[in-house]
>>> print(open('coords-v3.cif').read())   # mmCIF, C-alpha atoms
data_my_file
loop_
_atom_site.group_PDB
_atom_site.id
_atom_site.type_symbol
_atom_site.label_atom_id
_atom_site.label_comp_id
_atom_site.auth_asym_id
_atom_site.auth_seq_id
_atom_site.Cartn_x
_atom_site.Cartn_y
_atom_site.Cartn_z
ATOM 1 C CA MET A 841 93.528 53.104 173.243
ATOM 2 C CA SER A 842 92.914 49.903 171.296
ATOM 3 C CA LYS A 843 94.109 46.729 173.000
ATOM 4 C CA ASN A 844 95.788 45.256 169.979
ATOM 5 C CA LYS A 845 98.046 46.274 167.155
ATOM 6 C CA GLU A 846 99.091 44.937 163.781
ATOM 7 C CA LEU A 847 102.535 43.383 163.733
ATOM 8 C CA ARG A 848 104.178 43.312 160.289
ATOM 9 C CA PHE A 849 106.443 40.430 159.385
ATOM 10 C CA ILE A 850 109.728 41.862 158.073
ATOM 11 C CA GLY A 851 111.211 38.588 156.858
ATOM 12 C CA THR A 852 111.515 34.872 157.369
ATOM 13 C CA ILE A 853 113.956 32.285 158.746
ATOM 14 C CA HIS A 854 115.342 29.477 156.591
ATOM 15 C CA SER A 855 116.500 26.597 158.784
ATOM 16 C CA THR A 856 117.221 22.880 158.678
ATOM 17 C CA LEU A 857 114.858 22.554 161.687
ATOM 18 C CA LYS A 858 111.684 21.436 159.925
ATOM 19 C CA SER A 859 109.589 20.267 162.898
ATOM 20 C CA ILE A 860 109.396 20.678 166.685
ATOM 21 C CA GLU A 861 111.058 17.265 167.085
ATOM 22 C CA ASP A 862 114.182 18.583 165.348
ATOM 23 C CA CYS A 863 114.621 21.306 167.990
ATOM 24 C CA PRO A 864 117.035 21.072 170.915
ATOM 25 C CA ARG A 865 115.233 21.984 174.169
ATOM 26 C CA GLN A 866 117.489 24.921 174.970
ATOM 27 C CA GLU A 867 119.549 26.947 172.532
ATOM 28 C CA LYS A 868 122.851 26.127 174.179
ATOM 29 C CA GLU A 869 122.307 22.426 173.526
ATOM 30 C CA GLY A 870 123.409 23.119 169.989
ATOM 31 C CA ALA A 871 121.286 24.926 167.438
ATOM 32 C CA PRO A 872 122.252 25.037 163.766
ATOM 33 C CA ALA A 873 123.140 28.001 161.570
ATOM 34 C CA ALA A 874 120.254 29.584 159.659
ATOM 35 C CA THR A 875 119.657 32.062 156.863
ATOM 36 C CA ILE A 876 117.690 35.227 157.516
ATOM 37 C CA GLU A 877 115.749 36.692 154.608
ATOM 38 C CA VAL A 878 114.317 40.198 154.876
ATOM 39 C CA PHE A 879 111.424 41.209 152.612
ATOM 40 C CA ASP A 880 112.141 43.769 149.871
ATOM 41 C CA GLU A 881 110.213 46.604 151.507
ATOM 42 C CA PHE A 882 112.465 46.481 154.620
ATOM 43 C CA VAL A 883 115.948 45.824 153.153
ATOM 44 C CA GLU A 884 117.056 49.443 153.528
ATOM 45 C CA GLY A 885 117.123 48.849 157.282
ATOM 46 C CA LEU A 886 119.686 46.064 156.868
ATOM 47 C CA ARG A 887 122.482 47.907 155.167
ATOM 48 C CA ASP A 888 124.871 48.192 158.136
ATOM 49 C CA ILE A 889 124.683 44.514 159.141
ATOM 50 C CA LYS A 890 128.096 42.890 158.727
ATOM 51 C CA PRO A 891 129.899 39.616 159.539
ATOM 52 C CA GLY A 892 130.736 39.340 163.236
ATOM 53 C CA ASP A 893 127.835 41.535 164.371
ATOM 54 C CA GLU A 894 126.036 40.218 167.419
ATOM 55 C CA LEU A 895 122.302 40.690 167.085
ATOM 56 C CA TYR A 896 119.032 40.009 168.780
ATOM 57 C CA LEU A 897 116.553 38.540 166.333
ATOM 58 C CA PHE A 898 112.902 38.847 167.285
ATOM 59 C CA THR A 899 110.626 36.228 165.777
ATOM 60 C CA TRP A 900 106.938 35.355 165.838
ATOM 61 C CA LEU A 901 106.686 31.750 167.055
ATOM 62 C CA HIS A 902 103.787 30.951 164.765
ATOM 63 C CA LYS A 903 103.198 27.384 165.986
ATOM 64 C CA ALA A 904 102.580 28.528 169.579
ATOM 65 C CA ASP A 905 99.338 28.243 171.556
ATOM 66 C CA ARG A 906 98.380 31.802 172.492
ATOM 67 C CA LYS A 907 95.822 30.766 175.121
ATOM 68 C CA VAL A 908 98.420 29.338 177.555
ATOM 69 C CA LEU A 909 98.942 31.253 180.850
ATOM 70 C CA GLU A 910 100.465 28.434 182.936
ATOM 71 C CA THR A 911 102.974 25.838 181.798
ATOM 72 C CA ARG A 912 105.646 23.383 182.913
ATOM 73 C CA PRO A 913 109.222 24.412 182.037
ATOM 74 C CA ARG A 914 110.638 22.262 179.240
ATOM 75 C CA ASN A 915 107.326 20.319 179.269
ATOM 76 C CA ASP A 916 108.686 18.278 182.178
ATOM 77 C CA HIS A 917 105.657 16.759 183.913
ATOM 78 C CA ARG A 918 107.587 16.276 187.155
ATOM 79 C CA LEU A 919 107.790 20.044 187.555
ATOM 80 C CA PRO A 920 104.966 22.199 188.978
ATOM 81 C CA LEU A 921 102.897 24.509 186.783
ATOM 82 C CA ARG A 922 104.309 28.001 186.531
ATOM 83 C CA GLY A 923 102.884 31.319 185.375
ATOM 84 C CA VAL A 924 103.960 31.624 181.758
ATOM 85 C CA PHE A 925 105.618 35.031 182.311
ATOM 86 C CA SER A 926 108.166 33.299 184.581
ATOM 87 C CA THR A 927 109.104 30.899 181.767
ATOM 88 C CA ARG A 928 110.504 31.050 178.250
ATOM 89 C CA SER A 929 107.780 28.796 176.835
ATOM 90 C CA PRO A 930 106.805 29.683 173.253
ATOM 91 C CA ASP A 931 103.162 29.127 174.275
ATOM 92 C CA ARG A 932 102.043 32.542 175.610
ATOM 93 C CA PRO A 933 99.675 35.375 174.638
ATOM 94 C CA ASN A 934 102.198 37.008 172.293
ATOM 95 C CA PRO A 935 104.654 34.322 171.163
ATOM 96 C CA ILE A 936 107.635 36.585 170.580
ATOM 97 C CA GLY A 937 110.952 34.774 170.345
ATOM 98 C CA ILE A 938 114.239 36.497 171.143
ATOM 99 C CA HIS A 939 117.488 34.985 169.908
ATOM 100 C CA HIS A 940 121.064 36.115 170.414
ATOM 101 C CA VAL A 941 122.992 35.302 167.237
ATOM 102 C CA LYS A 942 126.203 36.228 165.433
ATOM 103 C CA VAL A 943 126.286 37.149 161.756
ATOM 104 C CA ILE A 944 128.411 34.700 159.765
ATOM 105 C CA GLU A 945 128.051 36.047 156.237
ATOM 106 C CA VAL A 946 126.093 38.686 154.349
ATOM 107 C CA LEU A 947 124.842 36.756 151.313
ATOM 108 C CA ASN A 948 123.270 39.666 149.407
ATOM 109 C CA GLY A 949 121.228 42.798 150.106
ATOM 110 C CA LYS A 950 118.394 40.832 151.671
ATOM 111 C CA GLN A 951 119.893 37.667 153.157
ATOM 112 C CA PHE A 952 122.494 36.886 155.792
ATOM 113 C CA SER A 953 123.493 33.787 157.700
ATOM 114 C CA VAL A 954 123.754 33.510 161.486
ATOM 115 C CA SER A 955 125.052 30.940 163.946
ATOM 116 C CA ASN A 956 123.134 29.068 166.640
ATOM 117 C CA LEU A 957 119.477 29.763 165.929
ATOM 118 C CA GLU A 958 116.816 27.454 167.297
ATOM 119 C CA VAL A 959 113.686 28.305 165.337
ATOM 120 C CA LEU A 960 111.620 26.320 162.887
ATOM 121 C CA ASP A 961 112.042 26.804 159.153
ATOM 122 C CA GLY A 962 109.553 29.411 157.961
ATOM 123 C CA THR A 963 109.309 31.276 161.279
ATOM 124 C CA PRO A 964 108.443 34.951 160.669
ATOM 125 C CA LEU A 965 110.977 37.637 161.609
ATOM 126 C CA ILE A 966 109.623 40.771 163.310
ATOM 127 C CA ASP A 967 112.668 42.820 164.398
ATOM 128 C CA ILE A 968 116.475 42.920 164.522
ATOM 129 C CA LYS A 969 118.437 44.927 167.121
ATOM 130 C CA PRO A 970 122.143 45.106 167.944
ATOM 131 C CA PHE A 971 123.184 43.092 171.008
ATOM 132 C CA LEU A 972 124.817 45.473 173.489
ATOM 133 C CA MET B 1481 101.045 32.773 155.156
ATOM 134 C CA SER B 1482 99.680 36.221 155.992
ATOM 135 C CA LYS B 1483 102.296 38.935 156.418
ATOM 136 C CA ASN B 1484 100.917 40.355 159.601
ATOM 137 C CA LYS B 1485 99.516 39.244 162.907
ATOM 138 C CA GLU B 1486 97.474 40.691 165.735
ATOM 139 C CA LEU B 1487 99.505 41.569 168.800
ATOM 140 C CA ARG B 1488 97.464 41.686 172.021
ATOM 141 C CA PHE B 1489 98.418 44.171 174.704
ATOM 142 C CA ILE B 1490 98.730 42.296 178.021
ATOM 143 C CA GLY B 1491 99.076 45.351 180.242
ATOM 144 C CA THR B 1492 100.370 48.868 180.605
ATOM 145 C CA ILE B 1493 103.262 50.791 182.199
ATOM 146 C CA HIS B 1494 102.694 53.494 184.805
ATOM 147 C CA SER B 1495 105.667 55.853 184.907
ATOM 148 C CA THR B 1496 106.662 59.364 185.963
ATOM 149 C CA LEU B 1497 108.029 59.811 182.407
ATOM 150 C CA LYS B 1498 105.135 61.692 180.808
ATOM 151 C CA SER B 1499 106.773 62.905 177.583
ATOM 152 C CA ILE B 1500 109.772 62.153 175.347
ATOM 153 C CA GLU B 1501 111.588 65.146 176.906
ATOM 154 C CA ASP B 1502 111.486 63.421 180.306
ATOM 155 C CA CYS B 1503 113.414 60.406 178.970
ATOM 156 C CA PRO B 1504 117.141 59.876 179.481
ATOM 157 C CA ARG B 1505 118.796 59.011 176.155
ATOM 158 C CA GLN B 1506 120.079 55.602 177.268
ATOM 159 C CA GLU B 1507 118.712 53.469 180.075
ATOM 160 C CA LYS B 1508 121.938 53.486 182.054
ATOM 161 C CA GLU B 1509 121.791 57.269 182.360
ATOM 162 C CA GLY B 1510 119.253 56.753 185.095
ATOM 163 C CA ALA B 1511 115.685 55.668 184.475
ATOM 164 C CA PRO B 1512 113.072 55.768 187.244
ATOM 165 C CA ALA B 1513 111.134 52.933 188.848
ATOM 166 C CA ALA B 1514 107.768 52.132 187.285
ATOM 167 C CA THR B 1515 104.635 50.132 188.016
ATOM 168 C CA ILE B 1516 103.588 47.334 185.676
ATOM 169 C CA GLU B 1517 99.882 46.584 185.453
ATOM 170 C CA VAL B 1518 98.706 43.400 183.755
ATOM 171 C CA PHE B 1519 95.141 43.190 182.426
ATOM 172 C CA ASP B 1520 92.744 40.837 184.226
ATOM 173 C CA GLU B 1521 92.575 38.255 181.452
ATOM 174 C CA PHE B 1522 96.357 37.636 181.670
ATOM 175 C CA VAL B 1523 97.048 37.780 185.445
ATOM 176 C CA GLU B 1524 97.238 33.990 185.811
ATOM 177 C CA GLY B 1525 100.535 34.160 183.899
ATOM 178 C CA LEU B 1526 102.021 36.442 186.575
ATOM 179 C CA ARG B 1527 101.687 34.288 189.636
ATOM 180 C CA ASP B 1528 105.349 33.255 190.021
ATOM 181 C CA ILE B 1529 106.778 36.776 189.701
ATOM 182 C CA LYS B 1530 108.489 37.759 192.971
ATOM 183 C CA PRO B 1531 110.708 40.538 194.368
ATOM 184 C CA GLY B 1532 114.290 40.274 193.127
ATOM 185 C CA ASP B 1533 113.342 38.548 189.854
ATOM 186 C CA GLU B 1534 115.231 39.862 186.848
ATOM 187 C CA LEU B 1535 112.947 40.132 183.864
ATOM 188 C CA TYR B 1536 112.811 41.224 180.277
ATOM 189 C CA LEU B 1537 109.775 43.390 179.664
ATOM 190 C CA PHE B 1538 108.645 43.677 176.061
ATOM 191 C CA THR B 1539 106.715 46.830 175.221
ATOM 192 C CA TRP B 1540 105.042 48.369 172.196
ATOM 193 C CA LEU B 1541 106.612 51.811 171.707
ATOM 194 C CA HIS B 1542 103.357 53.383 170.608
ATOM 195 C CA LYS B 1543 104.764 56.835 169.819
ATOM 196 C CA ALA B 1544 107.222 55.468 167.262
ATOM 197 C CA ASP B 1545 107.276 56.151 163.519
ATOM 198 C CA ARG B 1546 106.894 52.757 161.839
ATOM 199 C CA LYS B 1547 107.990 53.984 158.394
ATOM 200 C CA VAL B 1548 111.613 54.629 159.417
ATOM 201 C CA LEU B 1549 114.284 52.325 157.878
ATOM 202 C CA GLU B 1550 117.335 54.570 158.341
ATOM 203 C CA THR B 1551 118.168 56.738 161.316
ATOM 204 C CA ARG B 1552 120.933 58.496 163.223
ATOM 205 C CA PRO B 1553 121.827 56.920 166.586
ATOM 206 C CA ARG B 1554 120.627 59.063 169.486
ATOM 207 C CA ASN B 1555 119.330 61.568 166.916
ATOM 208 C CA ASP B 1556 122.848 62.995 166.712
ATOM 209 C CA HIS B 1557 123.041 64.884 163.414
ATOM 210 C CA ARG B 1558 126.854 64.630 163.332
ATOM 211 C CA LEU B 1559 126.552 60.864 162.899
ATOM 212 C CA PRO B 1560 125.886 59.172 159.536
ATOM 213 C CA LEU B 1561 122.553 57.539 158.730
ATOM 214 C CA ARG B 1562 122.398 53.873 159.693
ATOM 215 C CA GLY B 1563 120.087 51.036 158.764
ATOM 216 C CA VAL B 1564 117.549 50.909 161.567
ATOM 217 C CA PHE B 1565 118.218 47.216 162.300
ATOM 218 C CA SER B 1566 121.752 48.188 163.407
ATOM 219 C CA THR B 1567 120.329 50.642 165.949
ATOM 220 C CA ARG B 1568 118.069 50.603 168.984
ATOM 221 C CA SER B 1569 115.921 53.455 167.702
ATOM 222 C CA PRO B 1570 112.261 53.160 168.702
ATOM 223 C CA ASP B 1571 111.345 54.284 165.165
ATOM 224 C CA ARG B 1572 111.254 51.009 163.157
ATOM 225 C CA PRO B 1573 108.686 48.794 161.387
ATOM 226 C CA ASN B 1574 107.707 46.963 164.599
ATOM 227 C CA PRO B 1575 108.518 49.252 167.538
ATOM 228 C CA ILE B 1576 109.141 46.531 170.113
ATOM 229 C CA GLY B 1577 110.993 47.703 173.208
ATOM 230 C CA ILE B 1578 113.010 45.316 175.357
ATOM 231 C CA HIS B 1579 113.930 46.318 178.902
ATOM 232 C CA HIS B 1580 115.975 44.486 181.517
ATOM 233 C CA VAL B 1581 114.443 45.244 184.922
ATOM 234 C CA LYS B 1582 114.395 43.918 188.475
ATOM 235 C CA VAL B 1583 111.179 43.384 190.421
ATOM 236 C CA ILE B 1584 111.060 45.585 193.521
ATOM 237 C CA GLU B 1585 107.667 44.701 194.957
ATOM 238 C CA VAL B 1586 104.580 42.703 194.057
ATOM 239 C CA LEU B 1587 101.765 45.137 194.833
ATOM 240 C CA ASN B 1588 98.821 42.808 194.233
ATOM 241 C CA GLY B 1589 97.775 40.050 191.816
ATOM 242 C CA LYS B 1590 97.995 42.329 188.809
ATOM 243 C CA GLN B 1591 100.595 44.996 189.612
ATOM 244 C CA PHE B 1592 104.281 44.977 190.459
ATOM 245 C CA SER B 1593 106.976 47.621 190.600
ATOM 246 C CA VAL B 1594 110.340 47.453 188.825
ATOM 247 C CA SER B 1595 113.552 49.458 188.863
ATOM 248 C CA ASN B 1596 115.176 51.367 186.018
ATOM 249 C CA LEU B 1597 112.591 51.454 183.243
ATOM 250 C CA GLU B 1598 112.804 54.076 180.540
ATOM 251 C CA VAL B 1599 109.414 54.033 178.867
ATOM 252 C CA LEU B 1600 106.666 56.613 178.653
ATOM 253 C CA ASP B 1601 103.670 56.455 180.951
ATOM 254 C CA GLY B 1602 100.913 54.504 179.232
ATOM 255 C CA THR B 1603 103.199 52.379 177.050
ATOM 256 C CA PRO B 1604 101.544 49.025 176.268
ATOM 257 C CA LEU B 1605 103.134 45.827 177.611
ATOM 258 C CA ILE B 1606 103.272 42.841 175.232
ATOM 259 C CA ASP B 1607 105.356 40.145 176.996
ATOM 260 C CA ILE B 1608 107.400 39.317 180.109
ATOM 261 C CA LYS B 1609 110.184 36.719 180.150
ATOM 262 C CA PRO B 1610 112.745 35.752 182.805
ATOM 263 C CA PHE B 1611 116.234 37.207 182.247
ATOM 264 C CA LEU B 1612 118.690 34.324 182.039
#
>>> encode(input="coords-v3.cif", output="structure tokens")
Amino acid sequence: MSKNKELRFIGTIHSTLKSIEDCPRQEKEGAPAATIEVFDEFVEGLRDIKPGDELYLFTWLHKADRKVLETRPRNDHRLPLRGVFSTRSPDRPNPIGIHHVKVIEVLNGKQFSVSNLEVLDGTPLIDIKPFL
Amino acid sequence: MSKNKELRFIGTIHSTLKSIEDCPRQEKEGAPAATIEVFDEFVEGLRDIKPGDELYLFTWLHKADRKVLETRPRNDHRLPLRGVFSTRSPDRPNPIGIHHVKVIEVLNGKQFSVSNLEVLDGTPLIDIKPFL
């Protein structure tokens, strides 16, 4: 079997976080609301999303360094290097982000707003699943 | 920006589940232990994984139908069709699986065993993150 696969972006995130410096270090330190936009070819999959739903959003952290295998948590240089699979660093071979959010409002057939999402404006969306 | 990206498989799952028919419908119905094997080029990222760690494994559900946008939960034909992003169906545009597991044993520098993993033998691994 081939050792790679094509991931299709299903949408994009609109956020007030325009650069890494705007981002809180951990989501619980207070991330802003954001608007999720799903591309036309995938909107059929969205139709049961409603306000109050708790979701996992999966994103592609497109600014990440995919060559990193060891890192320091939170970029704190006092801490020892750790294997990247024991951290949540965005820098990793496949920079998949996972975000637990709550739907605030369904804006139209292709856009909805969510609370507490720490990702940069323009980050690609790759999947949405219900939070169980 | 391009609308797709190359996902690199970082390893593979060895499981006693050899076909869809072997799989319990939901993970809590009793999934078996499995062995995770990480490919040589990524093993440096594994070095802090230890027994007892709770992890999220991210997999690529390679048997899935990527054209599906609406589905019936658990393939139950008495239930109405739902938008796929409100379900956990493996059939979806990017068939990413997420699995909460516990490390049982580190077998060597590239393999470790985990409890309770419902994925088919040979399923590609795409990421590992600590469960918080």
>>> resolve_selection(input="coords-v3.cif", expression="the PyMOL selection byres ((chain B) within 7 of (chain A))", output="count of residues only")
29
>>> calpha_fit_and_write(input="coords-v3.cif", fixed="chain B", moving="chain A", output="mmCIF file with C-alpha atoms, in the coordinates of the input")
data_model
loop_
_atom_site.group_PDB
_atom_site.id
_atom_site.type_symbol
_atom_site.label_atom_id
_atom_site.label_comp_id
_atom_site.auth_asym_id
_atom_site.auth_seq_id
_atom_site.Cartn_x
_atom_site.Cartn_y
_atom_site.Cartn_z
ATOM 1 C CA MET A 841 101.027 32.794 155.143
ATOM 2 C CA SER A 842 99.685 36.239 156.006
ATOM 3 C CA LYS A 843 102.324 38.934 156.427
ATOM 4 C CA ASN A 844 100.929 40.371 159.606
ATOM 5 C CA LYS A 845 99.527 39.246 162.904
ATOM 6 C CA GLU A 846 97.486 40.707 165.727
ATOM 7 C CA LEU A 847 99.502 41.579 168.801
ATOM 8 C CA ARG A 848 97.470 41.699 172.030
ATOM 9 C CA PHE A 849 98.416 44.180 174.714
ATOM 10 C CA ILE A 850 98.728 42.298 178.019
ATOM 11 C CA GLY A 851 99.087 45.342 180.255
ATOM 12 C CA THR A 852 100.372 48.860 180.626
ATOM 13 C CA ILE A 853 103.264 50.781 182.205
ATOM 14 C CA HIS A 854 102.697 53.487 184.814
ATOM 15 C CA SER A 855 105.671 55.851 184.912
ATOM 16 C CA THR A 856 106.652 59.356 185.962
ATOM 17 C CA LEU A 857 108.026 59.806 182.404
ATOM 18 C CA LYS A 858 105.135 61.681 180.805
ATOM 19 C CA SER A 859 106.775 62.907 177.580
ATOM 20 C CA ILE A 860 109.772 62.146 175.347
ATOM 21 C CA GLU A 861 111.602 65.123 176.883
ATOM 22 C CA ASP A 862 111.497 63.428 180.293
ATOM 23 C CA CYS A 863 113.422 60.410 178.961
ATOM 24 C CA PRO A 864 117.154 59.877 179.442
ATOM 25 C CA ARG A 865 118.786 58.987 176.094
ATOM 26 C CA GLN A 866 120.058 55.609 177.249
ATOM 27 C CA GLU A 867 118.687 53.497 180.068
ATOM 28 C CA LYS A 868 121.913 53.502 182.039
ATOM 29 C CA GLU A 869 121.785 57.287 182.321
ATOM 30 C CA GLY A 870 119.254 56.772 185.066
ATOM 31 C CA ALA A 871 115.689 55.675 184.463
ATOM 32 C CA PRO A 872 113.085 55.768 187.228
ATOM 33 C CA ALA A 873 111.140 52.936 188.837
ATOM 34 C CA ALA A 874 107.762 52.135 187.276
ATOM 35 C CA THR A 875 104.646 50.120 188.014
ATOM 36 C CA ILE A 876 103.589 47.333 185.685
ATOM 37 C CA GLU A 877 99.882 46.572 185.462
ATOM 38 C CA VAL A 878 98.712 43.391 183.751
ATOM 39 C CA PHE A 879 95.143 43.187 182.433
ATOM 40 C CA ASP A 880 92.730 40.838 184.234
ATOM 41 C CA GLU A 881 92.579 38.263 181.445
ATOM 42 C CA PHE A 882 96.364 37.633 181.679
ATOM 43 C CA VAL A 883 97.042 37.770 185.452
ATOM 44 C CA GLU A 884 97.240 33.988 185.801
ATOM 45 C CA GLY A 885 100.533 34.163 183.909
ATOM 46 C CA LEU A 886 102.023 36.442 186.570
ATOM 47 C CA ARG A 887 101.681 34.292 189.631
ATOM 48 C CA ASP A 888 105.339 33.253 190.013
ATOM 49 C CA ILE A 889 106.779 36.774 189.703
ATOM 50 C CA LYS A 890 108.485 37.759 192.954
ATOM 51 C CA PRO A 891 110.707 40.531 194.373
ATOM 52 C CA GLY A 892 114.286 40.256 193.124
ATOM 53 C CA ASP A 893 113.337 38.542 189.855
ATOM 54 C CA GLU A 894 115.219 39.849 186.853
ATOM 55 C CA LEU A 895 112.939 40.127 183.854
ATOM 56 C CA TYR A 896 112.814 41.232 180.277
ATOM 57 C CA LEU A 897 109.771 43.391 179.664
ATOM 58 C CA PHE A 898 108.642 43.680 176.062
ATOM 59 C CA THR A 899 106.707 46.825 175.236
ATOM 60 C CA TRP A 900 105.035 48.367 172.204
ATOM 61 C CA LEU A 901 106.606 51.808 171.719
ATOM 62 C CA HIS A 902 103.354 53.374 170.599
ATOM 63 C CA LYS A 903 104.748 56.841 169.825
ATOM 64 C CA ALA A 904 107.227 55.465 167.264
ATOM 65 C CA ASP A 905 107.278 56.149 163.518
ATOM 66 C CA ARG A 906 106.901 52.756 161.841
ATOM 67 C CA LYS A 907 107.990 53.976 158.398
ATOM 68 C CA VAL A 908 111.629 54.626 159.422
ATOM 69 C CA LEU A 909 114.296 52.313 157.894
ATOM 70 C CA GLU A 910 117.356 54.560 158.348
ATOM 71 C CA THR A 911 118.177 56.740 161.332
ATOM 72 C CA ARG A 912 120.942 58.516 163.231
ATOM 73 C CA PRO A 913 121.844 56.928 166.590
ATOM 74 C CA ARG A 914 120.631 59.053 169.499
ATOM 75 C CA ASN A 915 119.326 61.572 166.911
ATOM 76 C CA ASP A 916 122.846 63.004 166.707
ATOM 77 C CA HIS A 917 123.035 64.878 163.398
ATOM 78 C CA ARG A 918 126.832 64.646 163.330
ATOM 79 C CA LEU A 919 126.560 60.887 162.892
ATOM 80 C CA PRO A 920 125.900 59.167 159.538
ATOM 81 C CA LEU A 921 122.566 57.531 158.737
ATOM 82 C CA ARG A 922 122.418 53.881 159.690
ATOM 83 C CA GLY A 923 120.094 51.031 158.768
ATOM 84 C CA VAL A 924 117.556 50.908 161.574
ATOM 85 C CA PHE A 925 118.226 47.211 162.311
ATOM 86 C CA SER A 926 121.759 48.184 163.412
ATOM 87 C CA THR A 927 120.334 50.644 165.956
ATOM 88 C CA ARG A 928 118.075 50.600 168.997
ATOM 89 C CA SER A 929 115.920 53.463 167.708
ATOM 90 C CA PRO A 930 112.251 53.156 168.716
ATOM 91 C CA ASP A 931 111.348 54.279 165.174
ATOM 92 C CA ARG A 932 111.249 51.017 163.164
ATOM 93 C CA PRO A 933 108.688 48.799 161.403
ATOM 94 C CA ASN A 934 107.706 46.973 164.602
ATOM 95 C CA PRO A 935 108.523 49.250 167.547
ATOM 96 C CA ILE A 936 109.134 46.539 170.120
ATOM 97 C CA GLY A 937 110.977 47.706 173.216
ATOM 98 C CA ILE A 938 113.003 45.319 175.362
ATOM 99 C CA HIS A 939 113.917 46.312 178.905
ATOM 100 C CA HIS A 940 115.958 44.480 181.512
ATOM 101 C CA VAL A 941 114.436 45.242 184.914
ATOM 102 C CA LYS A 942 114.393 43.921 188.474
ATOM 103 C CA VAL A 943 111.180 43.390 190.417
ATOM 104 C CA ILE A 944 111.062 45.588 193.520
ATOM 105 C CA GLU A 945 107.667 44.710 194.966
ATOM 106 C CA VAL A 946 104.584 42.700 194.060
ATOM 107 C CA LEU A 947 101.764 45.138 194.840
ATOM 108 C CA ASN A 948 98.813 42.792 194.238
ATOM 109 C CA GLY A 949 97.762 40.047 191.825
ATOM 110 C CA LYS A 950 97.994 42.338 188.818
ATOM 111 C CA GLN A 951 100.604 44.990 189.610
ATOM 112 C CA PHE A 952 104.291 44.986 190.460
ATOM 113 C CA SER A 953 106.986 47.624 190.600
ATOM 114 C CA VAL A 954 110.345 47.449 188.820
ATOM 115 C CA SER A 955 113.556 49.457 188.860
ATOM 116 C CA ASN A 956 115.185 51.365 186.006
ATOM 117 C CA LEU A 957 112.585 51.451 183.249
ATOM 118 C CA GLU A 958 112.805 54.065 180.528
ATOM 119 C CA VAL A 959 109.400 54.030 178.866
ATOM 120 C CA LEU A 960 106.663 56.614 178.654
ATOM 121 C CA ASP A 961 103.659 56.452 180.956
ATOM 122 C CA GLY A 962 100.894 54.501 179.236
ATOM 123 C CA THR A 963 103.198 52.379 177.060
ATOM 124 C CA PRO A 964 101.550 49.018 176.276
ATOM 125 C CA LEU A 965 103.128 45.819 177.615
ATOM 126 C CA ILE A 966 103.269 42.836 175.241
ATOM 127 C CA ASP A 967 105.353 40.147 176.996
ATOM 128 C CA ILE A 968 107.387 39.318 180.109
ATOM 129 C CA LYS A 969 110.191 36.716 180.152
ATOM 130 C CA PRO A 970 112.744 35.756 182.798
ATOM 131 C CA PHE A 971 116.225 37.205 182.241
ATOM 132 C CA LEU A 972 118.691 34.313 182.031
#
>>> closest_residue(input="coords-v3.cif", among="A:Val954, A:Ala904, A:Leu960, A:Leu965", to="Asp862 in chain A", atoms="only C-alpha atoms")
A:Leu960
>>> resolve_selection(input="coords-v3.cif", expression="the PyMOL selection byres ((chain B and resi 1583-1593) around 6)", output="list in words")
Ala1514, Thr1515, Ile1516, Glu1517, Val1518, Val1523, Pro1531, Gly1532, Asp1533, Lys1582 and Val1594 of chain B
>>> atom_distance(input="coords-v3.cif", atom1="CA of Pro1553 in chain B", atom2="CA of Val1581 in chain B")
23.0 Å
>>> build_atoms(input="coords-v3.cif", residues="range 1578-1588 of chain B", atoms="N, CA and C atoms", output="mmCIF file, in the frame of the given file")
data_model
loop_
_atom_site.group_PDB
_atom_site.id
_atom_site.type_symbol
_atom_site.label_atom_id
_atom_site.label_comp_id
_atom_site.auth_asym_id
_atom_site.auth_seq_id
_atom_site.Cartn_x
_atom_site.Cartn_y
_atom_site.Cartn_z
ATOM 1 N N ILE B 1578 112.613 46.366 174.419
ATOM 2 C CA ILE B 1578 113.010 45.316 175.357
ATOM 3 C C ILE B 1578 113.781 45.969 176.489
ATOM 4 N N HIS B 1579 113.430 45.613 177.721
ATOM 5 C CA HIS B 1579 113.930 46.318 178.902
ATOM 6 C C HIS B 1579 114.293 45.294 179.968
ATOM 7 N N HIS B 1580 115.524 45.358 180.439
ATOM 8 C CA HIS B 1580 115.975 44.486 181.517
ATOM 9 C C HIS B 1580 115.689 45.194 182.833
ATOM 10 N N VAL B 1581 114.839 44.605 183.655
ATOM 11 C CA VAL B 1581 114.443 45.244 184.922
ATOM 12 C C VAL B 1581 114.527 44.232 186.063
ATOM 13 N N LYS B 1582 114.428 44.760 187.281
ATOM 14 C CA LYS B 1582 114.395 43.918 188.475
ATOM 15 C C LYS B 1582 113.103 44.225 189.229
ATOM 16 N N VAL B 1583 112.428 43.188 189.682
ATOM 17 C CA VAL B 1583 111.179 43.384 190.421
ATOM 18 C C VAL B 1583 111.497 43.907 191.815
ATOM 19 N N ILE B 1584 110.870 45.023 192.184
ATOM 20 C CA ILE B 1584 111.060 45.585 193.521
ATOM 21 C C ILE B 1584 110.001 45.010 194.466
ATOM 22 N N GLU B 1585 108.753 45.086 194.053
ATOM 23 C CA GLU B 1585 107.667 44.701 194.957
ATOM 24 C C GLU B 1585 106.471 44.205 194.154
ATOM 25 N N VAL B 1586 105.841 43.156 194.654
ATOM 26 C CA VAL B 1586 104.580 42.703 194.057
ATOM 27 C C VAL B 1586 103.467 43.400 194.825
ATOM 28 N N LEU B 1587 102.717 44.263 194.152
ATOM 29 C CA LEU B 1587 101.765 45.137 194.833
ATOM 30 C C LEU B 1587 100.438 44.434 195.071
ATOM 31 N N ASN B 1588 100.052 43.599 194.136
ATOM 32 C CA ASN B 1588 98.821 42.808 194.233
ATOM 33 C C ASN B 1588 98.856 41.809 193.084
#
